[in-house]
Amino acid sequence: MYRESNGVWAGMVLAVALLGAAPQPHPGVASTVNVKLSEWNVVLSQASVAAGPVTFVITNAGSIPHGLEVEGQGIEQEIEMIQPGASDTLTLTLKPGSYEVYCPVGSDSHKKLGMDTHLKVVSATSPAPSGYGASEMSESHMKTERLQAIRVTGGGPVIQILPGPFPFPDSAAPILKAFGDEREGLESQVKNGPYSNNVVRSSGTFVFTAWDKGAVRDSVDGVAEFATQDGDRWKLVLDRVQTKDVPHHPRFGGVIMGLYYHGVTQVHTPLVPTINSAVALWAFGHLYKNDVLVTDNAQVHVMLLSRTRRDGDFALACWNCSKNKLEELQLQILPGPGEPKFDAPGGFLFVNWEKSSSRTPAS
């Protein structure tokens with residue numbers, strides 16, 4: 001699972017603590033752990049502390065609101081929200097054991113994006129783990145736990161979504177206020193963008209398997225074939241994940257399972273209904289039009305998400321669609337960096353399979 005670092009998608013390992021000497025307990029005096037929050041990372045100033053009072057000094061170094069939650073050994077305490085550039089503190093009395101330290105914003109969607117790490121609390125008589133070996137072992141264990149796979153099959157009505165006005169302009173207005181340099185481009189999407197009710201029936205198939213391998217290496221394997229409004233036949237072959245930023249898309253990449261995000265969830269994606277997803281992935285693909293290669297570098301975004309469009313006319317039916325059934329398979333294809341727009345309305349391809357399914361593939 002890839003996450004952004006300083007505005008660019010990158011292969012990102014889970015936050016590893018800065019290392020120092022083993023903690024020495026001082027009865028009645030709180031240990032201090034400095035916490036740095038950013039998109040999408042939690043960094044602790046040390047990997048372990050002595051049991052007893054612990055003060056977390058938290059700084060939001062990111063560009064959107066974040067929070068901090070400490071969970072483990074019967075404790076679950078949080079600071080719900082810290083604004084960008086602000087700091088706060090949280091003091092807890094911790095007994096020996098392992099604690100999860102993460103950002104709870106967006107019903108834990110920030111956590112699922114990589115804002116999750118662990119703190120080890122040791123007793124006064126136990127040596128505290130320190131040095132690269134301890135951090136690497138912890139990271140390796142977490143990588144193993146996070147390995148997931150999913151196989152998705154498109155089904156039901158197939159629709160092509162064409163450029164048009166955004167159906168919820170009143171909902172978009174407060175979101176646009178949060179953006180600076182990107183705002184002009186986003187305002188143009190409100191008038192003539194990809195999330196519209198300008199929909200036509202199509203046909204085609206889409207089957208893929210995706211692997212979320214944590215900080216190691218995500219992967220995808222799949223083929224989509226579909227027809228568009230003008231009668232052209234398109235084929236997309238997916239074989240590698242994407243790790244670079246796409247304008248106005250979520251600032252993360254790779255393969256992510258079970259994510260709640262978009263719209264008002266503060267995961268930095270405007271002009272999209274709030275949804276739950278079984279899988280979301282960003283990839284590069286080989287794109288063919290009428291059996292002729294268009295590009296080996298198409299930028300692709302795929303989600304199996306909660307249903308956003310109604311039966312019949314397939315208009316966007318909700319601004320918060322997170323409670324709907326996860327059966328809408330969404331495929332967006334954009335030209336690669338520096339490549340010309342596709343010979344299609346708006347220069348992109350946007351196709352949905354409205355009643356799709358998923359399963360865990362055989363190993």
# chains A, B, ... in the order shown; residues from 1 in each chain; ligands from 1
>>> residues_around(residues="Leu305 (chain A)", least_positions_apart="2", cutoff="9 Å", atoms="only C-alpha atoms", output="PyMOL selection string")
chain A and resi 275-280+303+307-308+322+324-330
>>> write_last_selection(atoms="N, CA, C and O atoms", output="PDB file, in the first residue's frame")
ATOM      1  N   ILE A 275     -18.183   7.443   0.368  1.00  0.00           N
ATOM      2  CA  ILE A 275     -18.460   6.031   0.077  1.00  0.00           C
ATOM      3  C   ILE A 275     -17.671   5.117   1.009  1.00  0.00           C
ATOM      4  O   ILE A 275     -16.738   5.542   1.681  1.00  0.00           O
ATOM      5  N   ASN A 276     -18.065   3.863   1.041  1.00  0.00           N
ATOM      6  CA  ASN A 276     -17.229   2.786   1.558  1.00  0.00           C
ATOM      7  C   ASN A 276     -16.736   1.992   0.364  1.00  0.00           C
ATOM      8  O   ASN A 276     -17.433   1.861  -0.643  1.00  0.00           O
ATOM      9  N   SER A 277     -15.532   1.427   0.470  1.00  0.00           N
ATOM     10  CA  SER A 277     -15.025   0.620  -0.634  1.00  0.00           C
ATOM     11  C   SER A 277     -14.493  -0.709  -0.120  1.00  0.00           C
ATOM     12  O   SER A 277     -13.911  -0.774   0.959  1.00  0.00           O
ATOM     13  N   ALA A 278     -14.723  -1.762  -0.909  1.00  0.00           N
ATOM     14  CA  ALA A 278     -14.077  -3.041  -0.615  1.00  0.00           C
ATOM     15  C   ALA A 278     -12.620  -2.983  -1.014  1.00  0.00           C
ATOM     16  O   ALA A 278     -11.750  -3.536  -0.350  1.00  0.00           O
ATOM     17  N   VAL A 279     -12.324  -2.301  -2.110  1.00  0.00           N
ATOM     18  CA  VAL A 279     -10.951  -2.101  -2.565  1.00  0.00           C
ATOM     19  C   VAL A 279     -10.901  -0.820  -3.384  1.00  0.00           C
ATOM     20  O   VAL A 279     -11.846  -0.483  -4.103  1.00  0.00           O
ATOM     21  N   ALA A 280      -9.801  -0.101  -3.259  1.00  0.00           N
ATOM     22  CA  ALA A 280      -9.495   1.048  -4.107  1.00  0.00           C
ATOM     23  C   ALA A 280      -8.053   0.875  -4.564  1.00  0.00           C
ATOM     24  O   ALA A 280      -7.186   0.518  -3.762  1.00  0.00           O
ATOM     25  N   MET A 303     -12.337   1.302  -8.144  1.00  0.00           N
ATOM     26  CA  MET A 303     -12.931   1.082  -6.828  1.00  0.00           C
ATOM     27  C   MET A 303     -14.108   0.129  -6.946  1.00  0.00           C
ATOM     28  O   MET A 303     -14.891   0.236  -7.891  1.00  0.00           O
ATOM     29  N   ARG A 307     -22.863   1.636  -3.612  1.00  0.00           N
ATOM     30  CA  ARG A 307     -23.617   2.097  -4.785  1.00  0.00           C
ATOM     31  C   ARG A 307     -23.892   3.596  -4.694  1.00  0.00           C
ATOM     32  O   ARG A 307     -24.431   4.095  -3.700  1.00  0.00           O
ATOM     33  N   THR A 308     -23.533   4.327  -5.751  1.00  0.00           N
ATOM     34  CA  THR A 308     -23.771   5.770  -5.785  1.00  0.00           C
ATOM     35  C   THR A 308     -24.865   6.155  -6.783  1.00  0.00           C
ATOM     36  O   THR A 308     -25.392   7.259  -6.701  1.00  0.00           O
ATOM     37  N   SER A 322     -22.345   5.970   1.860  1.00  0.00           N
ATOM     38  CA  SER A 322     -21.500   4.998   2.552  1.00  0.00           C
ATOM     39  C   SER A 322     -22.264   3.800   3.101  1.00  0.00           C
ATOM     40  O   SER A 322     -21.658   2.770   3.392  1.00  0.00           O
ATOM     41  N   ASN A 324     -24.734   2.205   1.506  1.00  0.00           N
ATOM     42  CA  ASN A 324     -25.283   1.389   0.428  1.00  0.00           C
ATOM     43  C   ASN A 324     -24.458   0.118   0.208  1.00  0.00           C
ATOM     44  O   ASN A 324     -23.317   0.014   0.669  1.00  0.00           O
ATOM     45  N   LYS A 325     -25.015  -0.823  -0.513  1.00  0.00           N
ATOM     46  CA  LYS A 325     -24.350  -2.087  -0.789  1.00  0.00           C
ATOM     47  C   LYS A 325     -23.096  -1.863  -1.632  1.00  0.00           C
ATOM     48  O   LYS A 325     -23.101  -1.061  -2.570  1.00  0.00           O
ATOM     49  N   LEU A 326     -22.013  -2.601  -1.319  1.00  0.00           N
ATOM     50  CA  LEU A 326     -20.759  -2.485  -2.059  1.00  0.00           C
ATOM     51  C   LEU A 326     -20.846  -3.329  -3.321  1.00  0.00           C
ATOM     52  O   LEU A 326     -20.487  -4.509  -3.335  1.00  0.00           O
ATOM     53  N   GLU A 327     -21.324  -2.725  -4.408  1.00  0.00           N
ATOM     54  CA  GLU A 327     -21.531  -3.485  -5.642  1.00  0.00           C
ATOM     55  C   GLU A 327     -21.243  -2.669  -6.894  1.00  0.00           C
ATOM     56  O   GLU A 327     -21.403  -3.171  -8.002  1.00  0.00           O
ATOM     57  N   GLU A 328     -20.801  -1.428  -6.749  1.00  0.00           N
ATOM     58  CA  GLU A 328     -20.534  -0.580  -7.903  1.00  0.00           C
ATOM     59  C   GLU A 328     -19.035  -0.610  -8.206  1.00  0.00           C
ATOM     60  O   GLU A 328     -18.221  -0.185  -7.389  1.00  0.00           O
ATOM     61  N   LEU A 329     -18.681  -1.130  -9.372  1.00  0.00           N
ATOM     62  CA  LEU A 329     -17.289  -1.203  -9.796  1.00  0.00           C
ATOM     63  C   LEU A 329     -17.009  -0.035 -10.728  1.00  0.00           C
ATOM     64  O   LEU A 329     -17.598   0.068 -11.804  1.00  0.00           O
ATOM     65  N   GLN A 330     -16.109   0.823 -10.316  1.00  0.00           N
ATOM     66  CA  GLN A 330     -15.866   2.083 -11.013  1.00  0.00           C
ATOM     67  C   GLN A 330     -14.468   2.051 -11.627  1.00  0.00           C
ATOM     68  O   GLN A 330     -13.492   1.745 -10.948  1.00  0.00           O
TER      69      GLN A 330
END
>>> residues_around(residues="Val152 (chain A)", least_positions_apart="3", cutoff="9 Å", atoms="only C-alpha atoms", output="PyMOL selection string")
chain A and resi 206-210+279+304+329+356-360
>>> write_last_selection(atoms="N, CA, C and O atoms", output="PDB file, in the first residue's frame")
ATOM      1  N   PHE A 206     -15.078  -6.842 -16.817  1.00  0.00           N
ATOM      2  CA  PHE A 206     -13.920  -6.392 -16.042  1.00  0.00           C
ATOM      3  C   PHE A 206     -13.709  -7.384 -14.906  1.00  0.00           C
ATOM      4  O   PHE A 206     -14.606  -7.595 -14.080  1.00  0.00           O
ATOM      5  N   VAL A 207     -12.542  -8.012 -14.887  1.00  0.00           N
ATOM      6  CA  VAL A 207     -12.156  -8.920 -13.810  1.00  0.00           C
ATOM      7  C   VAL A 207     -10.726  -8.601 -13.418  1.00  0.00           C
ATOM      8  O   VAL A 207      -9.857  -8.452 -14.290  1.00  0.00           O
ATOM      9  N   PHE A 208     -10.460  -8.479 -12.112  1.00  0.00           N
ATOM     10  CA  PHE A 208      -9.085  -8.244 -11.671  1.00  0.00           C
ATOM     11  C   PHE A 208      -8.864  -8.835 -10.282  1.00  0.00           C
ATOM     12  O   PHE A 208      -9.814  -9.059  -9.517  1.00  0.00           O
ATOM     13  N   THR A 209      -7.613  -9.085  -9.978  1.00  0.00           N
ATOM     14  CA  THR A 209      -7.188  -9.476  -8.643  1.00  0.00           C
ATOM     15  C   THR A 209      -6.175  -8.452  -8.156  1.00  0.00           C
ATOM     16  O   THR A 209      -5.293  -8.044  -8.923  1.00  0.00           O
ATOM     17  N   ALA A 210      -6.323  -8.014  -6.901  1.00  0.00           N
ATOM     18  CA  ALA A 210      -5.416  -7.023  -6.322  1.00  0.00           C
ATOM     19  C   ALA A 210      -4.882  -7.546  -4.998  1.00  0.00           C
ATOM     20  O   ALA A 210      -5.593  -8.204  -4.242  1.00  0.00           O
ATOM     21  N   VAL A 279     -12.324  -2.301  -2.110  1.00  0.00           N
ATOM     22  CA  VAL A 279     -10.951  -2.101  -2.565  1.00  0.00           C
ATOM     23  C   VAL A 279     -10.901  -0.820  -3.384  1.00  0.00           C
ATOM     24  O   VAL A 279     -11.846  -0.483  -4.103  1.00  0.00           O
ATOM     25  N   LEU A 304     -14.207  -0.792  -5.991  1.00  0.00           N
ATOM     26  CA  LEU A 304     -15.462  -1.502  -5.749  1.00  0.00           C
ATOM     27  C   LEU A 304     -16.066  -0.830  -4.537  1.00  0.00           C
ATOM     28  O   LEU A 304     -15.568  -0.985  -3.421  1.00  0.00           O
ATOM     29  N   LEU A 329     -18.681  -1.130  -9.372  1.00  0.00           N
ATOM     30  CA  LEU A 329     -17.289  -1.203  -9.796  1.00  0.00           C
ATOM     31  C   LEU A 329     -17.009  -0.035 -10.728  1.00  0.00           C
ATOM     32  O   LEU A 329     -17.598   0.068 -11.804  1.00  0.00           O
ATOM     33  N   SER A 356     -21.644  -5.514  -9.160  1.00  0.00           N
ATOM     34  CA  SER A 356     -20.424  -6.317  -9.189  1.00  0.00           C
ATOM     35  C   SER A 356     -20.217  -7.063  -7.889  1.00  0.00           C
ATOM     36  O   SER A 356     -20.938  -6.838  -6.893  1.00  0.00           O
ATOM     37  N   SER A 357     -19.239  -7.950  -7.852  1.00  0.00           N
ATOM     38  CA  SER A 357     -19.025  -8.788  -6.676  1.00  0.00           C
ATOM     39  C   SER A 357     -17.536  -8.991  -6.437  1.00  0.00           C
ATOM     40  O   SER A 357     -16.704  -8.743  -7.320  1.00  0.00           O
ATOM     41  N   SER A 358     -17.230  -9.497  -5.237  1.00  0.00           N
ATOM     42  CA  SER A 358     -15.822  -9.764  -4.905  1.00  0.00           C
ATOM     43  C   SER A 358     -15.729 -11.023  -4.069  1.00  0.00           C
ATOM     44  O   SER A 358     -16.713 -11.466  -3.450  1.00  0.00           O
ATOM     45  N   ARG A 359     -14.529 -11.591  -4.024  1.00  0.00           N
ATOM     46  CA  ARG A 359     -14.263 -12.737  -3.173  1.00  0.00           C
ATOM     47  C   ARG A 359     -12.775 -12.765  -2.851  1.00  0.00           C
ATOM     48  O   ARG A 359     -11.971 -12.061  -3.485  1.00  0.00           O
ATOM     49  N   THR A 360     -12.402 -13.568  -1.873  1.00  0.00           N
ATOM     50  CA  THR A 360     -10.992 -13.767  -1.566  1.00  0.00           C
ATOM     51  C   THR A 360     -10.456 -14.856  -2.472  1.00  0.00           C
ATOM     52  O   THR A 360     -10.982 -15.974  -2.497  1.00  0.00           O
TER      53      THR A 360
END
>>> closest_residue(among="A:Ala344, A:Val300, A:Ile75, A:Ala47", to="Arg240 (chain A)", atoms="only C-alpha atoms")
A:Val300
>>> residues_around(residues="Pro65 (chain A)", least_positions_apart="4", cutoff="12 Å", atoms="only C-alpha atoms", output="list in words")
Leu37, Ser38, Glu39, Trp40, Thr59, Asn60, Ala61, Ile79, Glu80, Met81, Ile82, Gln83, Pro84, Gly85, Ala86, Ser87, Cys103, Pro104, Val105, Gly106, His110, Ala178, Thr265, Gln266, Val267 and His268 of chain A
>>> atom_distance(atom1="CA of Asp88 (chain A)", atom2="CA of Leu259 (chain A)")
27.0 Å
>>> closest_residue(among="A:Pro345, A:Gly222, A:Gly72, A:Gly338", to="Thr295 (chain A)", atoms="only C-alpha atoms")
A:Gly338
>>> residues_around(residues="Ala224 (chain A)", least_positions_apart="6", cutoff="8 Å", atoms="only C-alpha atoms", output="mmCIF file with N, CA and C atoms, in the first residue's frame")
data_model
loop_
_atom_site.group_PDB
_atom_site.id
_atom_site.type_symbol
_atom_site.label_atom_id
_atom_site.label_comp_id
_atom_site.auth_asym_id
_atom_site.auth_seq_id
_atom_site.Cartn_x
_atom_site.Cartn_y
_atom_site.Cartn_z
ATOM 1 N N GLY A 204 -19.640 -4.567 -21.542
ATOM 2 C CA GLY A 204 -18.257 -4.963 -21.359
ATOM 3 C C GLY A 204 -18.064 -5.834 -20.140
ATOM 4 N N THR A 205 -16.816 -6.243 -19.919
ATOM 5 C CA THR A 205 -16.445 -7.096 -18.793
ATOM 6 C C THR A 205 -15.219 -6.517 -18.090
ATOM 7 N N PHE A 206 -15.078 -6.842 -16.817
ATOM 8 C CA PHE A 206 -13.920 -6.392 -16.042
ATOM 9 C C PHE A 206 -13.709 -7.384 -14.906
ATOM 10 N N VAL A 207 -12.542 -8.012 -14.887
ATOM 11 C CA VAL A 207 -12.156 -8.920 -13.810
ATOM 12 C C VAL A 207 -10.726 -8.601 -13.418
ATOM 13 N N LYS A 235 -9.786 -1.891 -24.607
ATOM 14 C CA LYS A 235 -9.281 -2.960 -23.750
ATOM 15 C C LYS A 235 -8.186 -2.393 -22.856
ATOM 16 N N LEU A 236 -8.277 -2.690 -21.558
ATOM 17 C CA LEU A 236 -7.290 -2.232 -20.583
ATOM 18 C C LEU A 236 -6.681 -3.450 -19.904
ATOM 19 N N VAL A 237 -5.353 -3.519 -19.906
ATOM 20 C CA VAL A 237 -4.631 -4.584 -19.216
ATOM 21 C C VAL A 237 -3.880 -3.969 -18.042
#
>>> closest_residue(among="A:Asp212, A:Asp232, A:Asp239, A:Asp296", to="Leu147 (chain A)", atoms="only C-alpha atoms")
A:Asp212
>>> decode(residues="region 36-49 of chain A", atoms="all heavy atoms", output="compact mmCIF listing (two decimals), in the first residue's frame")
# COMPACT_ATOMS: atom_id res chain seq x y z
N LYS A 36 4.51 13.15 15.46
CA LYS A 36 4.35 13.99 14.27
C LYS A 36 3.34 13.34 13.34
O LYS A 36 3.50 12.19 12.93
CB LYS A 36 5.70 14.16 13.55
CG LYS A 36 5.62 15.02 12.29
CD LYS A 36 6.98 15.11 11.62
CE LYS A 36 6.90 15.91 10.32
NZ LYS A 36 8.23 15.99 9.64
N LEU A 37 2.28 14.07 13.01
CA LEU A 37 1.24 13.60 12.11
C LEU A 37 1.38 14.28 10.75
O LEU A 37 1.65 15.48 10.68
CB LEU A 37 -0.15 13.91 12.68
CG LEU A 37 -0.43 13.45 14.11
CD1 LEU A 37 -1.81 13.94 14.56
CD2 LEU A 37 -0.33 11.94 14.24
N SER A 38 1.20 13.52 9.69
CA SER A 38 1.21 14.09 8.34
C SER A 38 0.47 13.13 7.42
O SER A 38 0.02 12.07 7.85
CB SER A 38 2.65 14.31 7.85
OG SER A 38 3.35 13.08 7.82
N GLU A 39 0.34 13.50 6.14
CA GLU A 39 -0.35 12.64 5.18
C GLU A 39 0.66 11.67 4.58
O GLU A 39 1.53 12.07 3.85
CB GLU A 39 -1.00 13.46 4.07
CG GLU A 39 -2.14 14.35 4.50
CD GLU A 39 -1.70 15.67 5.09
OE1 GLU A 39 -0.94 16.42 4.41
OE2 GLU A 39 -2.07 15.94 6.23
N TRP A 40 0.56 10.39 4.78
CA TRP A 40 -0.30 9.61 5.67
C TRP A 40 0.63 8.83 6.58
O TRP A 40 0.96 7.69 6.28
CB TRP A 40 -1.23 8.70 4.88
CG TRP A 40 -2.01 9.48 3.86
CD1 TRP A 40 -1.73 9.63 2.54
CD2 TRP A 40 -3.19 10.24 4.13
NE1 TRP A 40 -2.68 10.43 1.97
CE2 TRP A 40 -3.58 10.82 2.92
CE3 TRP A 40 -3.96 10.50 5.27
CZ2 TRP A 40 -4.70 11.64 2.80
CZ3 TRP A 40 -5.07 11.30 5.14
CH2 TRP A 40 -5.43 11.86 3.92
N ASN A 41 1.03 9.44 7.68
CA ASN A 41 2.11 8.91 8.49
C ASN A 41 1.97 9.35 9.94
O ASN A 41 1.48 10.45 10.22
CB ASN A 41 3.44 9.43 7.93
CG ASN A 41 4.60 8.52 8.23
OD1 ASN A 41 4.42 7.43 8.75
ND2 ASN A 41 5.79 8.97 7.91
N VAL A 42 2.38 8.48 10.85
CA VAL A 42 2.51 8.81 12.27
C VAL A 42 3.93 8.45 12.68
O VAL A 42 4.33 7.28 12.54
CB VAL A 42 1.50 8.03 13.14
CG1 VAL A 42 1.73 8.35 14.61
CG2 VAL A 42 0.07 8.35 12.74
N VAL A 43 4.69 9.41 13.17
CA VAL A 43 6.06 9.16 13.59
C VAL A 43 6.19 9.45 15.08
O VAL A 43 5.84 10.55 15.54
CB VAL A 43 7.06 10.02 12.79
CG1 VAL A 43 8.48 9.80 13.29
CG2 VAL A 43 6.97 9.69 11.31
N LEU A 44 6.70 8.49 15.83
CA LEU A 44 6.95 8.63 17.26
C LEU A 44 8.43 8.90 17.49
O LEU A 44 9.28 8.37 16.78
CB LEU A 44 6.54 7.37 18.03
CG LEU A 44 5.11 6.85 17.80
CD1 LEU A 44 4.88 5.62 18.66
CD2 LEU A 44 4.08 7.91 18.09
N SER A 45 8.74 9.66 18.53
CA SER A 45 10.13 10.00 18.82
C SER A 45 10.89 8.84 19.45
O SER A 45 12.11 8.87 19.51
CB SER A 45 10.20 11.23 19.74
OG SER A 45 9.56 10.96 20.97
N GLN A 46 10.19 7.82 19.92
CA GLN A 46 10.85 6.64 20.45
C GLN A 46 9.93 5.44 20.31
O GLN A 46 8.71 5.56 20.30
CB GLN A 46 11.27 6.84 21.91
CG GLN A 46 10.15 7.26 22.84
CD GLN A 46 10.68 7.85 24.13
OE1 GLN A 46 11.24 8.95 24.13
NE2 GLN A 46 10.52 7.13 25.22
N ALA A 47 10.58 4.26 20.20
CA ALA A 47 9.83 3.04 19.96
C ALA A 47 9.23 2.48 21.22
O ALA A 47 8.27 1.70 21.16
CB ALA A 47 10.75 1.99 19.32
N SER A 48 9.76 2.84 22.40
CA SER A 48 9.28 2.25 23.64
C SER A 48 9.50 3.22 24.78
O SER A 48 10.37 4.10 24.74
CB SER A 48 9.99 0.92 23.92
OG SER A 48 11.38 1.13 24.01
N VAL A 49 8.67 3.07 25.82
CA VAL A 49 8.79 3.88 27.04
C VAL A 49 8.56 2.98 28.24
O VAL A 49 8.07 1.85 28.12
CB VAL A 49 7.76 5.03 27.06
CG1 VAL A 49 8.03 6.03 25.95
CG2 VAL A 49 6.34 4.48 26.96
